[in-house]
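Source file: input.pdb. Holds: PDB, C-alpha atoms and all ligand atoms.
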```pdb
ATOM      1  CA  MET A 911      14.959  -7.675 -11.939
ATOM      2  CA  ASN A 912      12.859  -6.580  -8.976
ATOM      3  CA  THR A 913       9.830  -4.422  -9.695
ATOM      4  CA  LEU A 914      10.659  -2.053  -6.842
ATOM      5  CA  GLU A 915      14.013  -1.510  -5.179
ATOM      6  CA  ILE A 916      14.587   0.761  -2.232
ATOM      7  CA  ASN A 917      18.305   1.077  -1.546
ATOM      8  CA  GLY A 918      19.816   2.881   1.425
ATOM      9  CA  LEU A 919      16.892   5.264   1.670
ATOM     10  CA  ARG A 920      17.295   8.182   4.107
ATOM     11  CA  LYS A 921      14.965  11.064   4.813
ATOM     12  CA  GLU A 922      15.429  14.091   6.994
ATOM     13  CA  TYR A 923      12.648  16.617   7.345
ATOM     14  CA  VAL A 924      13.482  20.222   8.136
ATOM     15  CA  ASP A 925      11.157  21.982  10.539
ATOM     16  CA  HIS A 926      10.273  25.202   8.737
ATOM     17  CA  TYR A 927       9.838  27.172  11.970
ATOM     18  CA  THR A 928      12.902  26.118  13.960
ATOM     19  CA  GLY A 929      15.143  25.028  11.088
ATOM     20  CA  GLU A 930      15.755  21.858  13.094
ATOM     21  CA  THR A 931      16.524  18.654  11.164
ATOM     22  CA  ILE A 932      14.239  15.712  11.944
ATOM     23  CA  PRO A 933      15.703  12.343  10.927
ATOM     24  CA  ALA A 934      12.685  10.260   9.846
ATOM     25  CA  ILE A 935      14.238   7.379   7.873
ATOM     26  CA  GLY A 936      17.670   6.244   9.042
ATOM     27  CA  GLU A 937      18.476   3.631   6.389
ATOM     28  CA  VAL A 938      15.851   1.511   4.693
ATOM     29  CA  THR A 939      16.628  -1.144   2.078
ATOM     30  CA  PHE A 940      14.244  -3.741   0.671
ATOM     31  CA  SER A 941      12.828  -4.826  -2.657
ATOM     32  CA  ILE A 942       9.543  -6.119  -4.043
ATOM     33  CA  GLY A 943       9.467  -8.746  -6.797
ATOM     34  CA  GLU A 944       7.013  -8.964  -9.680
ATOM     35  CA  GLY A 945       3.551  -9.952  -8.453
ATOM     36  CA  GLU A 946       4.570  -9.866  -4.805
ATOM     37  CA  PHE A 947       2.508  -8.390  -1.946
ATOM     38  CA  VAL A 948       4.732  -6.704   0.629
ATOM     39  CA  SER A 949       3.485  -4.901   3.738
ATOM     40  CA  VAL A 950       5.420  -2.440   5.838
ATOM     41  CA  LEU A 951       4.693  -2.457   9.575
ATOM     42  CA  GLY A 952       6.274  -0.501  12.400
ATOM     43  CA  PRO A 953       5.650   1.708  15.405
ATOM     44  CA  SER A 954       3.623   4.868  14.971
ATOM     45  CA  GLY A 955       5.672   7.684  13.481
ATOM     46  CA  CYS A 956       8.508   5.408  12.303
ATOM     47  CA  GLY A 957       8.253   6.641   8.717
ATOM     48  CA  LYS A 958       6.026   4.119   6.912
ATOM     49  CA  THR A 959       4.032   6.803   5.089
ATOM     50  CA  THR A 960       7.229   8.705   4.383
ATOM     51  CA  VAL A 961       8.703   5.674   2.569
ATOM     52  CA  LEU A 962       5.488   5.258   0.567
ATOM     53  CA  ASN A 963       5.339   8.958  -0.318
ATOM     54  CA  ILE A 964       8.936   8.860  -1.522
ATOM     55  CA  VAL A 965       8.206   5.792  -3.681
ATOM     56  CA  ALA A 966       5.093   7.575  -5.021
ATOM     57  CA  GLY A 967       7.319  10.542  -5.892
ATOM     58  CA  PHE A 968       5.312  12.948  -3.726
ATOM     59  CA  ILE A 969       8.316  13.926  -1.606
ATOM     60  CA  ASP A 970      12.092  13.936  -2.128
ATOM     61  CA  HIS A 971      14.502  11.740  -0.232
ATOM     62  CA  THR A 972      17.733  12.820   1.409
ATOM     63  CA  ALA A 973      19.875   9.879   0.232
ATOM     64  CA  GLY A 974      19.600   6.471  -1.406
ATOM     65  CA  ASP A 975      17.713   5.258  -4.470
ATOM     66  CA  VAL A 976      14.211   4.183  -5.383
ATOM     67  CA  LEU A 977      14.031   2.179  -8.606
ATOM     68  CA  VAL A 978      10.994   0.870 -10.481
ATOM     69  CA  HIS A 979      12.131  -1.793 -12.934
ATOM     70  CA  GLY A 980      15.590  -0.260 -12.678
ATOM     71  CA  ARG A 981      14.446   3.307 -13.411
ATOM     72  CA  SER A 982      15.124   5.935 -10.774
ATOM     73  CA  VAL A 983      12.041   7.618  -9.292
ATOM     74  CA  HIS A 984      11.959  11.426  -9.454
ATOM     75  CA  GLY A 985       8.378  12.585  -8.964
ATOM     76  CA  PRO A 986       5.043  10.857  -9.540
ATOM     77  CA  GLY A 987       4.432   8.726 -12.634
ATOM     78  CA  PRO A 988       1.886   6.362 -14.183
ATOM     79  CA  ASP A 989       4.157   3.384 -13.391
ATOM     80  CA  ARG A 990       3.033   3.752  -9.736
ATOM     81  CA  GLY A 991      -0.656   3.739  -8.773
ATOM     82  CA  VAL A 992      -1.607   5.036  -5.336
ATOM     83  CA  VAL A 993      -4.708   3.887  -3.426
ATOM     84  CA  PHE A 994      -5.429   6.452  -0.732
ATOM     85  CA  GLN A 995      -7.193   5.967   2.603
ATOM     86  CA  SER A 996      -9.582   8.740   1.663
ATOM     87  CA  HIS A 997     -10.455   7.094  -1.702
ATOM     88  CA  ALA A 998      -9.578  10.318  -3.635
ATOM     89  CA  LEU A 999     -12.557   9.822  -5.954
ATOM     90  CA  PHE A1000     -14.040  12.498  -8.211
ATOM     91  CA  PRO A1001     -17.402  13.214  -6.543
ATOM     92  CA  TRP A1002     -18.868  14.746  -9.710
ATOM     93  CA  LYS A1003     -18.092  11.704 -11.853
ATOM     94  CA  THR A1004     -20.022   8.446 -11.941
ATOM     95  CA  VAL A1005     -18.432   5.116 -11.002
ATOM     96  CA  LEU A1006     -17.715   4.523 -14.696
ATOM     97  CA  GLY A1007     -16.323   8.043 -15.113
ATOM     98  CA  ASN A1008     -14.010   7.542 -12.127
ATOM     99  CA  VAL A1009     -12.706   4.217 -13.412
ATOM    100  CA  THR A1010     -12.166   5.336 -17.012
ATOM    101  CA  PHE A1011     -10.634   8.736 -16.209
ATOM    102  CA  GLY A1012      -6.990   7.564 -16.242
ATOM    103  CA  LEU A1013      -7.476   5.617 -19.473
ATOM    104  CA  ARG A1014      -9.078   8.652 -21.103
ATOM    105  CA  MET A1015      -6.048  10.734 -20.138
ATOM    106  CA  LYS A1016      -3.855   8.112 -21.812
ATOM    107  CA  GLY A1017      -5.897   8.396 -25.028
ATOM    108  CA  VAL A1018      -7.461   4.918 -24.845
ATOM    109  CA  SER A1019     -10.548   4.693 -27.079
ATOM    110  CA  ARG A1020     -14.010   4.835 -25.541
ATOM    111  CA  ALA A1021     -14.813   1.257 -26.558
ATOM    112  CA  GLN A1022     -11.596  -0.076 -25.026
ATOM    113  CA  ARG A1023     -12.132   2.002 -21.872
ATOM    114  CA  GLU A1024     -15.561   0.545 -21.369
ATOM    115  CA  VAL A1025     -14.370  -3.040 -21.849
ATOM    116  CA  ALA A1026     -11.523  -2.495 -19.355
ATOM    117  CA  ALA A1027     -13.860  -0.783 -16.868
ATOM    118  CA  ALA A1028     -16.470  -3.551 -17.081
ATOM    119  CA  ASP A1029     -13.754  -6.109 -16.411
ATOM    120  CA  ILE A1030     -12.354  -4.267 -13.376
ATOM    121  CA  LEU A1031     -15.783  -3.400 -11.933
ATOM    122  CA  GLU A1032     -16.691  -7.079 -12.138
ATOM    123  CA  LEU A1033     -13.429  -7.954 -10.376
ATOM    124  CA  VAL A1034     -14.104  -5.570  -7.466
ATOM    125  CA  GLY A1035     -17.814  -6.469  -7.248
ATOM    126  CA  LEU A1036     -19.214  -3.162  -8.541
ATOM    127  CA  SER A1037     -20.919  -4.346 -11.741
ATOM    128  CA  GLY A1038     -24.326  -2.710 -12.013
ATOM    129  CA  PHE A1039     -23.175   0.458 -10.198
ATOM    130  CA  GLU A1040     -21.630   2.143 -13.282
ATOM    131  CA  ARG A1041     -24.085   5.086 -13.281
ATOM    132  CA  LYS A1042     -23.974   5.752  -9.516
ATOM    133  CA  TYR A1043     -22.013   8.622  -7.960
ATOM    134  CA  PRO A1044     -19.486   8.053  -5.153
ATOM    135  CA  HIS A1045     -21.822   9.558  -2.495
ATOM    136  CA  GLU A1046     -24.378   6.871  -3.376
ATOM    137  CA  LEU A1047     -21.905   4.117  -2.413
ATOM    138  CA  SER A1048     -21.021   2.753   1.032
ATOM    139  CA  GLY A1049     -17.520   3.350   2.457
ATOM    140  CA  GLY A1050     -16.487  -0.179   1.500
ATOM    141  CA  MET A1051     -17.759   0.259  -2.051
ATOM    142  CA  GLN A1052     -15.963   3.587  -2.345
ATOM    143  CA  GLN A1053     -12.757   1.892  -1.292
ATOM    144  CA  ARG A1054     -13.282  -0.852  -3.899
ATOM    145  CA  LEU A1055     -13.873   1.878  -6.485
ATOM    146  CA  GLY A1056     -10.600   3.537  -5.411
ATOM    147  CA  LEU A1057      -8.884   0.206  -5.967
ATOM    148  CA  ALA A1058     -10.579  -0.313  -9.357
ATOM    149  CA  ARG A1059      -9.481   3.122 -10.486
ATOM    150  CA  VAL A1060      -5.854   2.239  -9.854
ATOM    151  CA  LEU A1061      -6.021  -1.383 -11.085
ATOM    152  CA  VAL A1062      -7.549  -0.427 -14.435
ATOM    153  CA  ASN A1063      -4.390   1.524 -15.318
ATOM    154  CA  GLU A1064      -2.231  -1.571 -14.709
ATOM    155  CA  PRO A1065       0.547   0.260 -12.845
ATOM    156  CA  GLU A1066       3.866  -1.559 -12.411
ATOM    157  CA  VAL A1067       3.482  -1.202  -8.657
ATOM    158  CA  MET A1068       0.452  -0.379  -6.506
ATOM    159  CA  LEU A1069       1.031   1.696  -3.382
ATOM    160  CA  MET A1070      -1.567   1.418  -0.634
ATOM    161  CA  ASP A1071      -1.338   3.560   2.508
ATOM    162  CA  GLU A1072      -3.614   2.127   5.209
ATOM    163  CA  PRO A1073      -6.504   1.921   2.746
ATOM    164  CA  PHE A1074      -8.893   0.339   5.259
ATOM    165  CA  ALA A1075      -7.960   2.394   8.335
ATOM    166  CA  SER A1076     -11.112   4.503   8.419
ATOM    167  CA  ILE A1077     -13.527   1.643   7.696
ATOM    168  CA  ASP A1078     -15.562  -0.226  10.335
ATOM    169  CA  ALA A1079     -14.182  -3.583  11.502
ATOM    170  CA  GLN A1080     -16.723  -5.784   9.730
ATOM    171  CA  THR A1081     -16.423  -4.076   6.339
ATOM    172  CA  ARG A1082     -12.683  -4.018   6.776
ATOM    173  CA  ARG A1083     -12.547  -7.803   7.125
ATOM    174  CA  LYS A1084     -14.621  -8.152   3.955
ATOM    175  CA  LEU A1085     -12.337  -5.746   2.063
ATOM    176  CA  GLN A1086      -9.251  -7.647   3.217
ATOM    177  CA  GLN A1087     -10.814 -10.827   1.829
ATOM    178  CA  ASP A1088     -11.795  -9.036  -1.415
ATOM    179  CA  LEU A1089      -8.309  -7.574  -1.808
ATOM    180  CA  THR A1090      -6.742 -11.015  -1.348
ATOM    181  CA  GLU A1091      -9.012 -12.499  -4.001
ATOM    182  CA  ILE A1092      -8.261  -9.628  -6.400
ATOM    183  CA  PHE A1093      -4.544 -10.011  -5.719
ATOM    184  CA  GLU A1094      -4.667 -13.765  -6.283
ATOM    185  CA  LYS A1095      -6.475 -13.306  -9.625
ATOM    186  CA  ARG A1096      -4.400 -10.426 -11.012
ATOM    187  CA  ARG A1097      -1.103 -10.611  -9.146
ATOM    188  CA  PRO A1098      -0.292  -6.915  -9.152
ATOM    189  CA  THR A1099       2.891  -5.871  -7.342
ATOM    190  CA  VAL A1100       1.788  -4.267  -4.064
ATOM    191  CA  PHE A1101       3.503  -2.098  -1.455
ATOM    192  CA  PHE A1102       1.066  -1.874   1.467
ATOM    193  CA  VAL A1103       1.414   0.237   4.625
ATOM    194  CA  THR A1104      -0.564  -0.748   7.708
ATOM    195  CA  HIS A1105      -0.684  -0.639  11.524
ATOM    196  CA  ASP A1106      -2.657  -3.869  11.693
ATOM    197  CA  ILE A1107      -0.548  -6.988  12.272
ATOM    198  CA  ASP A1108      -3.311  -9.490  11.378
ATOM    199  CA  GLU A1109      -4.012  -7.558   8.177
ATOM    200  CA  ALA A1110      -0.339  -7.522   7.184
ATOM    201  CA  VAL A1111       0.110 -11.273   7.799
ATOM    202  CA  PHE A1112      -3.155 -12.228   6.084
ATOM    203  CA  LEU A1113      -2.495 -10.190   2.939
ATOM    204  CA  SER A1114       1.246 -10.428   2.427
ATOM    205  CA  ASP A1115       3.918 -12.593   0.901
ATOM    206  CA  ARG A1116       6.470 -10.709   3.016
ATOM    207  CA  VAL A1117       6.282  -8.257   5.904
ATOM    208  CA  VAL A1118       8.955  -5.594   6.342
ATOM    209  CA  LEU A1119       9.225  -4.569   9.994
ATOM    210  CA  LEU A1120      10.651  -1.101  10.573
ATOM    211  CA  SER A1121      12.315   0.042  13.787
ATOM    212  CA  HIS A1122      11.427   3.226  15.627
ATOM    213  CA  ARG A1123      12.418   6.561  14.089
ATOM    214  CA  PRO A1124      14.879   7.152  12.466
ATOM    215  CA  SER A1125      13.801   3.846  11.000
ATOM    216  CA  THR A1126      15.838   0.953   9.724
ATOM    217  CA  VAL A1127      14.637  -2.477   8.627
ATOM    218  CA  ALA A1128      14.333  -4.519  11.835
ATOM    219  CA  GLU A1129      13.333  -7.741  10.083
ATOM    220  CA  ILE A1130      11.828  -9.079   6.857
ATOM    221  CA  ILE A1131       9.452 -11.991   7.438
ATOM    222  CA  ASP A1132       8.400 -14.423   4.687
ATOM    223  CA  ILE A1133       4.740 -15.313   5.170
ATOM    224  CA  GLU A1134       4.551 -18.891   3.987
ATOM    225  CA  LEU A1135       0.800 -19.347   4.293
ATOM    226  CA  PRO A1136      -0.862 -21.145   1.386
ATOM    227  CA  ARG A1137      -2.997 -19.322  -1.187
ATOM    228  CA  PRO A1138      -5.813 -18.903  -1.906
ATOM    229  CA  ARG A1139      -6.320 -17.447   1.556
ATOM    230  CA  ILE A1140      -9.726 -17.411   3.183
ATOM    231  CA  TRP A1141      -9.866 -15.394   6.379
ATOM    232  CA  ARG A1142     -11.609 -17.976   8.599
ATOM    233  CA  GLU A1143      -9.296 -20.768   7.465
ATOM    234  CA  THR A1144      -6.075 -18.788   7.365
ATOM    235  CA  VAL A1145      -6.408 -17.427  10.921
ATOM    236  CA  GLU A1146      -6.846 -20.993  12.168
ATOM    237  CA  ASP A1147      -3.551 -22.064  10.625
ATOM    238  CA  PRO A1148      -1.126 -22.304  13.594
ATOM    239  CA  ARG A1149       1.525 -20.556  11.490
ATOM    240  CA  PHE A1150      -0.715 -17.471  11.237
ATOM    241  CA  ARG A1151      -0.632 -17.097  15.031
ATOM    242  CA  GLU A1152       3.109 -17.802  15.088
ATOM    243  CA  TYR A1153       3.724 -14.945  12.650
ATOM    244  CA  THR A1154       1.444 -12.490  14.452
ATOM    245  CA  HIS A1155       2.895 -13.379  17.892
ATOM    246  CA  HIS A1156       6.407 -13.004  16.591
ATOM    247  CA  ILE A1157       5.618  -9.569  15.145
ATOM    248  CA  GLU A1158       3.791  -8.482  18.310
ATOM    249  CA  GLU A1159       6.866  -9.461  20.312
ATOM    250  CA  ARG A1160       9.182  -7.568  17.985
ATOM    251  CA  LEU A1161       6.954  -4.510  18.167
ATOM    252  CA  GLY A1162       6.786  -5.008  21.953
ATOM    253  CA  GLY A1163       6.605  -1.554  23.460
ATOM    254  CA  GLY A1164       6.039  -0.257  19.945
ATOM    255  CA  GLU A1165       9.715   0.021  19.152
ATOM    256  CA  PRO A1166      11.542  -2.979  17.674
ATOM    257  CA  ASP A1167      15.308  -2.733  17.733
ATOM    258  CA  ALA A1168      17.122  -2.746  14.458
ATOM    259  CA  GLN A1169      18.975  -5.974  13.648
ATOM    260  CA  ALA A1170      22.690  -5.732  13.976
ATOM    261  CA  GLY A1171      24.379  -5.492  10.588
TER     262      GLY A1171
HETATM  263  N1  LIG A1201       6.363  17.255   6.567
HETATM  264  C1  LIG A1201       6.959  16.868   7.697
HETATM  265  N2  LIG A1201       7.759  17.735   8.365
HETATM  266  C2  LIG A1201       8.393  17.357   9.486
HETATM  267  N3  LIG A1201       8.308  16.107  10.042
HETATM  268  C3  LIG A1201       7.527  15.230   9.421
HETATM  269  C4  LIG A1201       6.807  15.554   8.223
HETATM  270  N4  LIG A1201       6.111  14.447   7.834
HETATM  271  C5  LIG A1201       6.384  13.485   8.748
HETATM  272  N5  LIG A1201       7.218  13.950   9.705
HETATM  273  C6  LIG A1201       7.758  13.178  10.842
HETATM  274  O1  LIG A1201       8.448  12.057  10.312
HETATM  275  C7  LIG A1201       8.185  10.895  11.092
HETATM  276  C8  LIG A1201       7.616   9.796  10.214
HETATM  277  O2  LIG A1201       6.281  10.155   9.818
HETATM  278  P1  LIG A1201       5.358   9.149   8.988
HETATM  279  O3  LIG A1201       4.035   9.774   8.844
HETATM  280  O4  LIG A1201       6.081   8.728   7.774
HETATM  281  O5  LIG A1201       5.298   7.900   9.983
HETATM  282  P2  LIG A1201       4.295   6.656   9.995
HETATM  283  O6  LIG A1201       5.116   5.493  10.428
HETATM  284  O7  LIG A1201       3.578   6.552   8.713
HETATM  285  O8  LIG A1201       3.308   7.119  11.139
HETATM  286  P3  LIG A1201       1.895   6.506  11.564
HETATM  287  O9  LIG A1201       2.155   5.082  11.889
HETATM  288  O10 LIG A1201       1.548   7.296  12.786
HETATM  289  O11 LIG A1201       0.956   6.715  10.429
HETATM  290  C9  LIG A1201       7.245  11.338  12.214
HETATM  291  O12 LIG A1201       7.996  11.573  13.369
HETATM  292  C10 LIG A1201       6.636  12.604  11.684
HETATM  293  O13 LIG A1201       6.304  13.470  12.747
END
```
Take the structure from the file and write it as structure tokens.
Amino acid sequence: MNTLEINGLRKEYVDHYTGETIPAIGEVTFSIGEGEFVSVLGPSGCGKTTVLNIVAGFIDHTAGDVLVHGRSVHGPGPDRGVVFQSHALFPWKTVLGNVTFGLRMKGVSRAQREVAAADILELVGLSGFERKYPHELSGGMQQRLGLARVLVNEPEVMLMDEPFASIDAQTRRKLQQDLTEIFEKRRPTVFFVTHDIDEAVFLSDRVVLLSHRPSTVAEIIDIELPRPRIWRETVEDPRFREYTHHIEERLGGGEPDAQAG
């Protein structure tokens, strides 16, 4: 069974002022297997965030189904962990307090929480920062804390909406490498939204290319690059450039056509 299934998803927004219907998602179908990293790419405004928000349970869909391990999604739940672009950290809690918050809500004992937190903080490279507050961390560290906070709860699927979009290019590259290493060690199931073609190809097992709005799936591309992936080596693999060129061509003027059928 797939971890996440999105079947015949449609979404129409209604403009509250004019009453006009805005078709955002035409028909989107794809699935994500256990331990798979799947990115969604597409022209600006095609509905990438809308798909993610529907999967997260933040907004309703007009038609179709979203299933996590076969269970229909109706609203947010602990089976789906969301990593936001803005980190969404608690500024008044320490690093440790941020990481253990979800476990505390689930009634996990203090001793177990601290073991789990130490493990995750080590994984994301934040050991030794347990007593710091978010404002004492760099943007990259805050993003790794955001990731740790979700990972520690072991959600069935992790949803990441352009998590590195507001981070400078150099830190971003480092975070992409860190995320790959974390993914390769833990193998969470990841649904990742991005604008960045290189990022999508580097991180993913598959890339889902959406057409312009109202979006449909234009193409699903298997990224058959070996793991572990190291940025400098992976980008020199001729297949990396083949994938990115192919996607750039499909995105062309920013609007890939949907595949017939
Ligand atoms: N609450 C809303 N009410 C009306 N229209 C909306 C609403 N939210 C999104 N839209 C419209 O739906 C379409 C899809 O938006 P969405 O943010 O999902 O696209 P996106 O692909 O994530 O965009 P970007 O690449 O720019 O981040 C856009 O045309 C947007 O203007």
message = I'd like the residues picked by the PyMOL selection byres (((not hetatm)) within 9 of (chain A and resi 1201)) written out as a PyMOL selection string, using the chain letters and numbers from the file.
response = chain A and resi 921-926+931-935+951-963+1071-1072+1103-1105+1120+1122-1125
Using only C-alpha atoms, which residues of stretch 933-1011 of chain A come within 12 Å of stretch 1048-1051 of chain A, and what is the closest atom pair for each, with the distance in Å to one decimal? Give it as CSV, sorted by chain and residue number.
```
residue,atom,partner,partner_atom,distance
A:Gln995,CA,A:Gly1049,CA,10.7
A:Ser996,CA,A:Gly1049,CA,9.6
A:His997,CA,A:Gly1049,CA,9.0
A:Leu999,CA,A:Met1051,CA,11.6
A:Val1005,CA,A:Met1051,CA,10.2
```
Can you write just those residues out, C-alpha atoms, as a CSV table (one decimal), in the coordinates of the input?
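And here's again-v6.csv as it stands now:
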```csv
chain,number,residue,atom,x,y,z
A,995,GLN,CA,-7.2,6.0,2.6
A,996,SER,CA,-9.6,8.7,1.7
A,997,HIS,CA,-10.5,7.1,-1.7
A,999,LEU,CA,-12.6,9.8,-6.0
A,1005,VAL,CA,-18.4,5.1,-11.0
```
request  = Could you jot down the atom CA of A:Leu1057 to atom CA of A:Pro1073 separation for me, Å, one decimal place?
outcome  =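 The value is 9.2 Å.
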request  = Taking the file as shown, find all residues satisfying the PyMOL selection byres (((chain A and resi 1145) around 12) and not hetatm) and write them as a list in words.
outcome  =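 Checked against the file, the PyMOL selection byres (((chain A and resi 1145) around 12) and not hetatm) matches Asp1108, Glu1109, Val1111, Phe1112, Leu1113, Leu1135, Pro1136, Arg1139, Ile1140, Trp1141, Arg1142, Glu1143, Thr1144, Glu1146, Asp1147, Pro1148, Arg1149, Phe1150, Arg1151, Glu1152, Tyr1153 and Thr1154 of chain A.
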A:Glu1094: which residues within 12 Å, counting all atoms listed in the file, same-chain residues fewer than 2 positions away excluded, as a compact mmCIF listing (two decimals) with C-alpha atoms, keeping the file's coordinate frame?
```
# COMPACT_ATOMS: atom_id res chain seq x y z
CA GLY A 945 3.55 -9.95 -8.45
CA GLU A 946 4.57 -9.87 -4.80
CA PHE A 947 2.51 -8.39 -1.95
CA LEU A 1033 -13.43 -7.95 -10.38
CA GLN A 1087 -10.81 -10.83 1.83
CA ASP A 1088 -11.80 -9.04 -1.42
CA LEU A 1089 -8.31 -7.57 -1.81
CA THR A 1090 -6.74 -11.02 -1.35
CA GLU A 1091 -9.01 -12.50 -4.00
CA ILE A 1092 -8.26 -9.63 -6.40
CA ARG A 1096 -4.40 -10.43 -11.01
CA ARG A 1097 -1.10 -10.61 -9.15
CA PRO A 1098 -0.29 -6.92 -9.15
CA THR A 1099 2.89 -5.87 -7.34
CA VAL A 1100 1.79 -4.27 -4.06
CA LEU A 1113 -2.50 -10.19 2.94
CA SER A 1114 1.25 -10.43 2.43
CA ASP A 1115 3.92 -12.59 0.90
CA PRO A 1136 -0.86 -21.14 1.39
CA ARG A 1137 -3.00 -19.32 -1.19
CA PRO A 1138 -5.81 -18.90 -1.91
CA ARG A 1139 -6.32 -17.45 1.56
CA ILE A 1140 -9.73 -17.41 3.18
```
ask   = When you draw a straight line from atom CA of A:Phe1039 to atom CA of A:Val1067, how long is it in Å?
value =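 Those two atoms sit 26.8 Å apart.
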Enumerate, in order of chain and increasing residue number, the residues of stretch 1027-1083 of chain A with an atom no farther than 9 Å from stretch 1010-1017 of chain A, each with its shortest atom pair and distance in Å to one decimal, counting only C-alpha atoms, as JSON lines.
```
{"residue": "A:Ala1027", "atom": "CA", "partner": "A:Thr1010", "partner_atom": "CA", "distance": 6.4}
{"residue": "A:Arg1059", "atom": "CA", "partner": "A:Thr1010", "partner_atom": "CA", "distance": 7.4}
{"residue": "A:Val1060", "atom": "CA", "partner": "A:Gly1012", "partner_atom": "CA", "distance": 8.4}
{"residue": "A:Val1062", "atom": "CA", "partner": "A:Thr1010", "partner_atom": "CA", "distance": 7.8}
{"residue": "A:Asn1063", "atom": "CA", "partner": "A:Leu1013", "partner_atom": "CA", "distance": 6.6}
```
Residue members of the PyMOL selection byres (((chain A and resi 938-943) around 6) and not hetatm) in the file shown, as a CSV table (one decimal) with C-alpha atoms, in the coordinates of the input:
```
chain,number,residue,atom,x,y,z
A,912,ASN,CA,12.9,-6.6,-9.0
A,913,THR,CA,9.8,-4.4,-9.7
A,914,LEU,CA,10.7,-2.1,-6.8
A,915,GLU,CA,14.0,-1.5,-5.2
A,916,ILE,CA,14.6,0.8,-2.2
A,917,ASN,CA,18.3,1.1,-1.5
A,918,GLY,CA,19.8,2.9,1.4
A,919,LEU,CA,16.9,5.3,1.7
A,937,GLU,CA,18.5,3.6,6.4
A,944,GLU,CA,7.0,-9.0,-9.7
A,946,GLU,CA,4.6,-9.9,-4.8
A,1126,THR,CA,15.8,1.0,9.7
A,1127,VAL,CA,14.6,-2.5,8.6
```
key: Among the residues A:Glu1158, A:Ala1075, A:Pro1044, A:Trp1002, the one that comes closest to A:Ile1107 [using only C-alpha atoms]   =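 Checking each of A:Glu1158, A:Ala1075, A:Pro1044, A:Trp1002 against A:Ile1107, counting only C-alpha atoms, the winner is A:Glu1158.
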request  = Work out how far apart atom CA of A:Lys1084 and atom CA of A:Leu1061 are and give it in Å to one decimal.
outcome  = 18.6 Å
message = Ranking A:Met1070, A:Val1034, A:Lys1003, A:His1045 by minimum distance to A:Lys1095 and counting all atoms listed in the file, which one comes first?
response =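 The closest residue to A:Lys1095 is A:Val1034.
Here the question is which of A:Arg1020, A:Asp1106, A:Glu1066, A:Phe1101 gets nearest to A:Arg1082 using all atoms listed in the file, and that residue is A:Asp1106.
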inquiry  = Nearest residue to A:Glu1129 out of A:Met911, A:Val976, A:Val950, A:Val1025, using all atoms listed in the file?
reply    = A:Val950
query = Counting only C-alpha atoms, which of A:Ser982, A:Ser1121, A:Ser949, A:Ser1037 gets nearest to A:Ile964?
reply =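 For A:Ile964, the nearest of the given residues is A:Ser982.
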note = In terms of only C-alpha atoms, the residue from A:His1155, A:Leu1006, A:Pro1065, A:Arg1116 at minimal distance from A:Ala1026 is A:Leu1006
